[in-house]
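work.cif follows (mmCIF, C-alpha atoms):
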```cif
data_start
#
loop_
_atom_site.group_PDB
_atom_site.id
_atom_site.type_symbol
_atom_site.label_atom_id
_atom_site.label_comp_id
_atom_site.auth_asym_id
_atom_site.auth_seq_id
_atom_site.Cartn_x
_atom_site.Cartn_y
_atom_site.Cartn_z
ATOM 1 C CA MET A 1 -12.270 43.357 -60.927
ATOM 2 C CA ILE A 2 -13.229 39.971 -62.340
ATOM 3 C CA GLU A 3 -16.926 39.245 -62.653
ATOM 4 C CA ALA A 4 -18.175 36.216 -60.716
ATOM 5 C CA GLU A 5 -20.020 34.936 -63.803
ATOM 6 C CA HIS A 6 -16.785 34.909 -65.861
ATOM 7 C CA PRO A 7 -13.931 34.318 -63.403
ATOM 8 C CA TRP A 8 -11.419 33.782 -66.253
ATOM 9 C CA PRO A 9 -12.691 35.955 -69.137
ATOM 10 C CA HIS A 10 -9.299 35.945 -70.880
ATOM 11 C CA LEU A 11 -9.661 32.185 -71.519
ATOM 12 C CA ALA A 12 -12.463 32.945 -73.977
ATOM 13 C CA GLY A 13 -10.408 35.461 -75.971
ATOM 14 C CA ARG A 14 -11.857 38.806 -76.984
ATOM 15 C CA MET A 15 -13.613 40.617 -79.780
ATOM 16 C CA ASP A 16 -11.470 42.996 -81.832
ATOM 17 C CA GLY A 17 -13.801 44.827 -84.214
ATOM 18 C CA ASP A 18 -15.628 42.167 -86.243
ATOM 19 C CA ALA A 19 -13.077 39.462 -85.366
ATOM 20 C CA HIS A 20 -12.698 37.190 -82.372
ATOM 21 C CA VAL A 21 -9.115 36.655 -81.170
ATOM 22 C CA LEU A 22 -8.286 33.599 -79.050
ATOM 23 C CA PRO A 23 -4.836 32.938 -77.563
ATOM 24 C CA ILE A 24 -3.628 29.330 -77.592
ATOM 25 C CA ARG A 25 -0.384 27.883 -76.263
ATOM 26 C CA VAL A 26 1.113 24.889 -78.056
ATOM 27 C CA TYR A 27 1.587 21.909 -75.747
ATOM 28 C CA TYR A 28 3.488 18.666 -76.234
ATOM 29 C CA GLU A 29 0.214 16.852 -77.010
ATOM 30 C CA ASP A 30 -0.338 19.184 -80.008
ATOM 31 C CA THR A 31 2.944 18.244 -81.680
ATOM 32 C CA ASP A 32 4.398 15.412 -83.716
ATOM 33 C CA PHE A 33 7.795 13.763 -83.266
ATOM 34 C CA SER A 34 9.550 16.862 -84.638
ATOM 35 C CA ALA A 35 8.053 19.202 -81.959
ATOM 36 C CA ARG A 36 6.027 20.946 -84.679
ATOM 37 C CA VAL A 37 2.248 21.218 -84.415
ATOM 38 C CA TYR A 38 0.613 18.160 -85.996
ATOM 39 C CA HIS A 39 -1.742 19.225 -88.808
ATOM 40 C CA ALA A 40 -4.884 17.833 -87.125
ATOM 41 C CA SER A 41 -4.195 19.941 -84.021
ATOM 42 C CA TYR A 42 -4.913 23.045 -86.071
ATOM 43 C CA LEU A 43 -8.439 21.725 -86.642
ATOM 44 C CA ARG A 44 -8.965 21.674 -82.866
ATOM 45 C CA PHE A 45 -7.546 25.200 -82.568
ATOM 46 C CA LEU A 46 -9.953 26.413 -85.273
ATOM 47 C CA GLU A 47 -12.890 24.673 -83.551
ATOM 48 C CA ARG A 48 -12.056 26.465 -80.314
ATOM 49 C CA GLY A 49 -11.992 29.762 -82.196
ATOM 50 C CA ARG A 50 -15.459 29.157 -83.667
ATOM 51 C CA THR A 51 -16.861 28.108 -80.287
ATOM 52 C CA GLU A 52 -15.425 31.133 -78.489
ATOM 53 C CA LEU A 53 -16.698 33.494 -81.201
ATOM 54 C CA LEU A 54 -20.222 32.279 -80.428
ATOM 55 C CA ARG A 55 -19.601 32.625 -76.688
ATOM 56 C CA ALA A 56 -18.299 36.184 -77.266
ATOM 57 C CA VAL A 57 -21.563 37.171 -78.959
ATOM 58 C CA GLU A 58 -23.384 35.550 -76.021
ATOM 59 C CA VAL A 59 -24.620 32.467 -77.867
ATOM 60 C CA ALA A 60 -23.208 29.344 -76.198
ATOM 61 C CA GLN A 61 -23.496 26.227 -78.350
ATOM 62 C CA SER A 62 -24.580 24.163 -75.344
ATOM 63 C CA ASN A 63 -27.491 26.591 -74.772
ATOM 64 C CA LEU A 64 -28.507 26.457 -78.440
ATOM 65 C CA HIS A 65 -28.607 22.672 -78.235
ATOM 66 C CA ALA A 66 -30.462 22.532 -74.908
ATOM 67 C CA GLU A 67 -32.943 25.358 -75.508
ATOM 68 C CA MET A 68 -33.661 24.942 -79.212
ATOM 69 C CA GLY A 69 -34.527 21.264 -79.523
ATOM 70 C CA GLY A 70 -31.066 19.917 -80.295
ATOM 71 C CA LEU A 71 -29.839 22.688 -82.591
ATOM 72 C CA ALA A 72 -26.171 22.231 -83.507
ATOM 73 C CA PHE A 73 -23.541 23.303 -86.003
ATOM 74 C CA VAL A 74 -21.660 20.783 -88.111
ATOM 75 C CA VAL A 75 -18.716 21.417 -90.400
ATOM 76 C CA ARG A 76 -19.918 21.140 -93.993
ATOM 77 C CA LYS A 77 -16.809 22.247 -95.855
ATOM 78 C CA MET A 78 -13.317 23.451 -95.019
ATOM 79 C CA ASN A 79 -10.702 25.008 -97.278
ATOM 80 C CA ILE A 80 -7.397 25.168 -95.399
ATOM 81 C CA ASP A 81 -3.909 26.400 -96.261
ATOM 82 C CA PHE A 82 -0.962 25.337 -94.117
ATOM 83 C CA LEU A 83 1.516 28.180 -94.583
ATOM 84 C CA GLY A 84 3.952 27.708 -91.694
ATOM 85 C CA ALA A 85 4.676 25.558 -88.675
ATOM 86 C CA ALA A 86 4.099 26.322 -85.020
ATOM 87 C CA LEU A 87 6.419 24.808 -82.429
ATOM 88 C CA MET A 88 5.988 23.511 -78.916
ATOM 89 C CA ASP A 89 5.550 26.375 -76.421
ATOM 90 C CA ASP A 90 4.585 28.925 -79.101
ATOM 91 C CA VAL A 91 1.740 31.258 -78.192
ATOM 92 C CA LEU A 92 -0.648 31.483 -81.125
ATOM 93 C CA THR A 93 -3.785 33.467 -81.815
ATOM 94 C CA VAL A 94 -6.820 32.106 -83.614
ATOM 95 C CA VAL A 95 -8.623 34.902 -85.434
ATOM 96 C CA THR A 96 -12.211 34.153 -86.464
ATOM 97 C CA ARG A 97 -14.594 36.423 -88.335
ATOM 98 C CA PRO A 98 -17.959 35.826 -89.982
ATOM 99 C CA LYS A 99 -17.587 35.954 -93.744
ATOM 100 C CA ASP A 100 -21.018 34.951 -95.060
ATOM 101 C CA VAL A 101 -24.234 34.006 -93.252
ATOM 102 C CA ARG A 102 -26.974 32.361 -95.287
ATOM 103 C CA GLY A 103 -30.216 30.609 -94.405
ATOM 104 C CA ALA A 104 -28.917 27.417 -92.794
ATOM 105 C CA SER A 105 -25.151 27.885 -93.135
ATOM 106 C CA MET A 106 -22.390 30.323 -92.452
ATOM 107 C CA THR A 107 -18.809 30.616 -93.590
ATOM 108 C CA LEU A 108 -16.177 31.803 -91.164
ATOM 109 C CA ALA A 109 -12.742 33.086 -92.163
ATOM 110 C CA GLN A 110 -10.114 31.863 -89.717
ATOM 111 C CA GLU A 111 -6.382 32.272 -89.254
ATOM 112 C CA VAL A 112 -3.884 30.798 -86.823
ATOM 113 C CA ARG A 113 -1.108 33.315 -86.253
ATOM 114 C CA ARG A 114 2.181 33.481 -84.409
ATOM 115 C CA GLY A 115 2.547 37.202 -83.861
ATOM 116 C CA GLU A 116 1.758 38.754 -87.242
ATOM 117 C CA GLU A 117 2.773 35.616 -89.190
ATOM 118 C CA VAL A 118 -0.180 33.640 -90.572
ATOM 119 C CA LEU A 119 0.549 29.928 -90.148
ATOM 120 C CA VAL A 120 -2.849 28.555 -91.193
ATOM 121 C CA SER A 121 -5.669 30.150 -93.146
ATOM 122 C CA ALA A 122 -9.082 28.505 -93.447
ATOM 123 C CA ASP A 123 -12.587 29.170 -94.706
ATOM 124 C CA VAL A 124 -14.975 26.962 -92.767
ATOM 125 C CA MET A 125 -18.608 26.480 -93.743
ATOM 126 C CA VAL A 126 -20.822 25.212 -90.940
ATOM 127 C CA ALA A 127 -24.413 24.091 -91.316
ATOM 128 C CA CYS A 128 -27.096 24.592 -88.703
ATOM 129 C CA VAL A 129 -28.928 21.300 -88.073
ATOM 130 C CA ARG A 130 -31.587 19.809 -85.841
ATOM 131 C CA GLY A 131 -32.354 16.108 -85.885
ATOM 132 C CA GLY A 132 -29.955 15.599 -88.781
ATOM 133 C CA ARG A 133 -31.715 18.116 -91.049
ATOM 134 C CA ALA A 134 -30.657 21.621 -92.040
ATOM 135 C CA VAL A 135 -32.558 24.442 -90.321
ATOM 136 C CA ARG A 136 -32.390 28.232 -90.533
ATOM 137 C CA ILE A 137 -29.807 29.900 -88.310
ATOM 138 C CA PRO A 138 -31.681 31.579 -85.430
ATOM 139 C CA ASP A 139 -32.307 35.283 -86.024
ATOM 140 C CA GLU A 140 -30.679 36.295 -82.707
ATOM 141 C CA LEU A 141 -27.440 34.574 -83.719
ATOM 142 C CA ARG A 142 -27.595 36.081 -87.196
ATOM 143 C CA ALA A 143 -28.031 39.552 -85.634
ATOM 144 C CA ALA A 144 -25.250 38.988 -83.085
ATOM 145 C CA LEU A 145 -22.787 37.956 -85.793
ATOM 146 C CA SER A 146 -23.672 40.863 -88.039
ATOM 147 C CA GLY A 147 -23.559 43.413 -85.244
ATOM 148 C CA SER A 148 -26.643 45.104 -86.655
ATOM 149 C CA GLY A 149 -29.072 42.417 -87.659
ATOM 150 C CA ASP A 150 -28.797 43.376 -91.358
ATOM 151 C CA MET A 151 -27.060 40.208 -92.577
ATOM 152 C CA PRO A 152 -29.050 38.340 -95.271
#
```

Rewrite the structure from the file as structure tokens, please.
Amino acid sequence: MIEAEHPWPHLAGRMDGDAHVLPIRVYYEDTDFSARVYHASYLRFLERGRTELLRAVEVAQSNLHAEMGGLAFVVRKMNIDFLGAALMDDVLTVVTRPKDVRGASMTLAQEVRRGEEVLVSADVMVACVRGGRAVRIPDELRAALSGSGDMP
């Protein structure tokens, strides 16, 4: 039975151990003239993975912003390896896991996969900000990402 609060839970992906797994289908709009995924489309796929990871640990970014005085996450640094090409109509998975959580930033390890093949690998550092200034990541989010609240 599907819960009324989440009528399409599969759209948000699922947690698998410490990783969030999000399915994504490649559409025409994601590709270049060769029917391969355009490199910038992977950035959108990775963003969706980070957003759905937060939703999976019950911390919606829109709620953080509305309830915590404009709190938001901004990409500070990204190291990305393009290892293979996805094609139109491929079904991909974006795998996102917390790698390091510090005071006002966290690094997430992400992969875009087609089956078991890793097409893109990225380490993404995001900073927690309010009013344009870095602020400490809320303790409840830190605990949710660590699973136990023991993350530094």

Please report, as lines of an AutoDock Vina configuration file, the centre and edge lengths in Å to one decimal of an axis-aligned box covering all listed atoms of segment 73-88 of chain A with 8 Å per side.
```
center_x = -8.6
center_y = 24.5
center_z = -88.1
size_x = 46.0
size_y = 23.4
size_z = 34.4
```

Practice prompt. Go through A:Ile137, A:Ala144, A:Val94, A:Met68 one by one, measure the shortest atom-to-atom distance of each to Arg14 of chain A using all atoms listed in the file, and give the residue with the smallest value.
Written response: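 Smallest separation from Arg14 of chain A among the options: A:Val94.
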
Item to complete: Name the residues that the PyMOL selection byres ((chain A and resi 49-56) around 7) picks from the file above, as an NGL selection string, using the file's chain letters and numbers.
Response: :A and (12 or 14-15 or 20 or 22 or 45-48 or 57-60 or 94-96)

What does the file look like for those residues with C-alpha atoms, as an mmCIF file, keeping the file's coordinate frame?
```
data_model
loop_
_atom_site.group_PDB
_atom_site.id
_atom_site.type_symbol
_atom_site.label_atom_id
_atom_site.label_comp_id
_atom_site.auth_asym_id
_atom_site.auth_seq_id
_atom_site.Cartn_x
_atom_site.Cartn_y
_atom_site.Cartn_z
ATOM 1 C CA ALA A 12 -12.463 32.945 -73.977
ATOM 2 C CA ARG A 14 -11.857 38.806 -76.984
ATOM 3 C CA MET A 15 -13.613 40.617 -79.780
ATOM 4 C CA HIS A 20 -12.698 37.190 -82.372
ATOM 5 C CA LEU A 22 -8.286 33.599 -79.050
ATOM 6 C CA PHE A 45 -7.546 25.200 -82.568
ATOM 7 C CA LEU A 46 -9.953 26.413 -85.273
ATOM 8 C CA GLU A 47 -12.890 24.673 -83.551
ATOM 9 C CA ARG A 48 -12.056 26.465 -80.314
ATOM 10 C CA VAL A 57 -21.563 37.171 -78.959
ATOM 11 C CA GLU A 58 -23.384 35.550 -76.021
ATOM 12 C CA VAL A 59 -24.620 32.467 -77.867
ATOM 13 C CA ALA A 60 -23.208 29.344 -76.198
ATOM 14 C CA VAL A 94 -6.820 32.106 -83.614
ATOM 15 C CA VAL A 95 -8.623 34.902 -85.434
ATOM 16 C CA THR A 96 -12.211 34.153 -86.464
#
```

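Coordinates place atom CA of His10 of chain A at a distance of 26.5 Å from atom CA of Ala35 of chain A.
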
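Residue nearest Phe82 of chain A, chosen from A:Glu111, A:Glu116, A:Glu140, A:Asp100 and counting all atoms listed in the file: A:Glu111.
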
Once the PyMOL selection byres ((chain A and resi 84-92) around 10) has been applied to the shown file, what residues remain in the selection, as a PDB file with C-alpha atoms, keeping the file's coordinate frame?
```
ATOM      1  CA  VAL A  21      -9.115  36.655 -81.170  1.00  0.00           C
ATOM      2  CA  LEU A  22      -8.286  33.599 -79.050  1.00  0.00           C
ATOM      3  CA  PRO A  23      -4.836  32.938 -77.563  1.00  0.00           C
ATOM      4  CA  ILE A  24      -3.628  29.330 -77.592  1.00  0.00           C
ATOM      5  CA  ARG A  25      -0.384  27.883 -76.263  1.00  0.00           C
ATOM      6  CA  VAL A  26       1.113  24.889 -78.056  1.00  0.00           C
ATOM      7  CA  TYR A  27       1.587  21.909 -75.747  1.00  0.00           C
ATOM      8  CA  TYR A  28       3.488  18.666 -76.234  1.00  0.00           C
ATOM      9  CA  GLU A  29       0.214  16.852 -77.010  1.00  0.00           C
ATOM     10  CA  ASP A  30      -0.338  19.184 -80.008  1.00  0.00           C
ATOM     11  CA  THR A  31       2.944  18.244 -81.680  1.00  0.00           C
ATOM     12  CA  ASP A  32       4.398  15.412 -83.716  1.00  0.00           C
ATOM     13  CA  SER A  34       9.550  16.862 -84.638  1.00  0.00           C
ATOM     14  CA  ALA A  35       8.053  19.202 -81.959  1.00  0.00           C
ATOM     15  CA  ARG A  36       6.027  20.946 -84.679  1.00  0.00           C
ATOM     16  CA  VAL A  37       2.248  21.218 -84.415  1.00  0.00           C
ATOM     17  CA  TYR A  38       0.613  18.160 -85.996  1.00  0.00           C
ATOM     18  CA  HIS A  39      -1.742  19.225 -88.808  1.00  0.00           C
ATOM     19  CA  TYR A  42      -4.913  23.045 -86.071  1.00  0.00           C
ATOM     20  CA  PHE A  45      -7.546  25.200 -82.568  1.00  0.00           C
ATOM     21  CA  ASP A  81      -3.909  26.400 -96.261  1.00  0.00           C
ATOM     22  CA  PHE A  82      -0.962  25.337 -94.117  1.00  0.00           C
ATOM     23  CA  LEU A  83       1.516  28.180 -94.583  1.00  0.00           C
ATOM     24  CA  THR A  93      -3.785  33.467 -81.815  1.00  0.00           C
ATOM     25  CA  VAL A  94      -6.820  32.106 -83.614  1.00  0.00           C
ATOM     26  CA  VAL A  95      -8.623  34.902 -85.434  1.00  0.00           C
ATOM     27  CA  GLU A 111      -6.382  32.272 -89.254  1.00  0.00           C
ATOM     28  CA  VAL A 112      -3.884  30.798 -86.823  1.00  0.00           C
ATOM     29  CA  ARG A 113      -1.108  33.315 -86.253  1.00  0.00           C
ATOM     30  CA  ARG A 114       2.181  33.481 -84.409  1.00  0.00           C
ATOM     31  CA  GLY A 115       2.547  37.202 -83.861  1.00  0.00           C
ATOM     32  CA  GLU A 116       1.758  38.754 -87.242  1.00  0.00           C
ATOM     33  CA  GLU A 117       2.773  35.616 -89.190  1.00  0.00           C
ATOM     34  CA  VAL A 118      -0.180  33.640 -90.572  1.00  0.00           C
ATOM     35  CA  LEU A 119       0.549  29.928 -90.148  1.00  0.00           C
ATOM     36  CA  VAL A 120      -2.849  28.555 -91.193  1.00  0.00           C
TER      37      VAL A 120
END
```

Discussion item. Which residue is closest to Met106 of chain A? Choose from A:Val126, A:Ser41, A:Val75, A:Phe33 and count only C-alpha atoms.
Written reply: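 Looking at the shortest contact to Met106 of chain A, the residue is A:Val126.
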
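Using all atoms listed in the file, the smallest distance between any of A:Leu141, A:Asp18, A:Ala40, A:Ala104 and Asn63 of chain A comes from A:Leu141.
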
Just say which residues the PyMOL selection byres ((chain A and resi 77) around 6) picks in this file, as a compact mmCIF listing (two decimals) with C-alpha atoms, in the frame of the given file.
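See expr20.txt below for the written result:
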```
# COMPACT_ATOMS: atom_id res chain seq x y z
CA VAL A 75 -18.72 21.42 -90.40
CA ARG A 76 -19.92 21.14 -93.99
CA MET A 78 -13.32 23.45 -95.02
CA VAL A 124 -14.98 26.96 -92.77
CA MET A 125 -18.61 26.48 -93.74
```
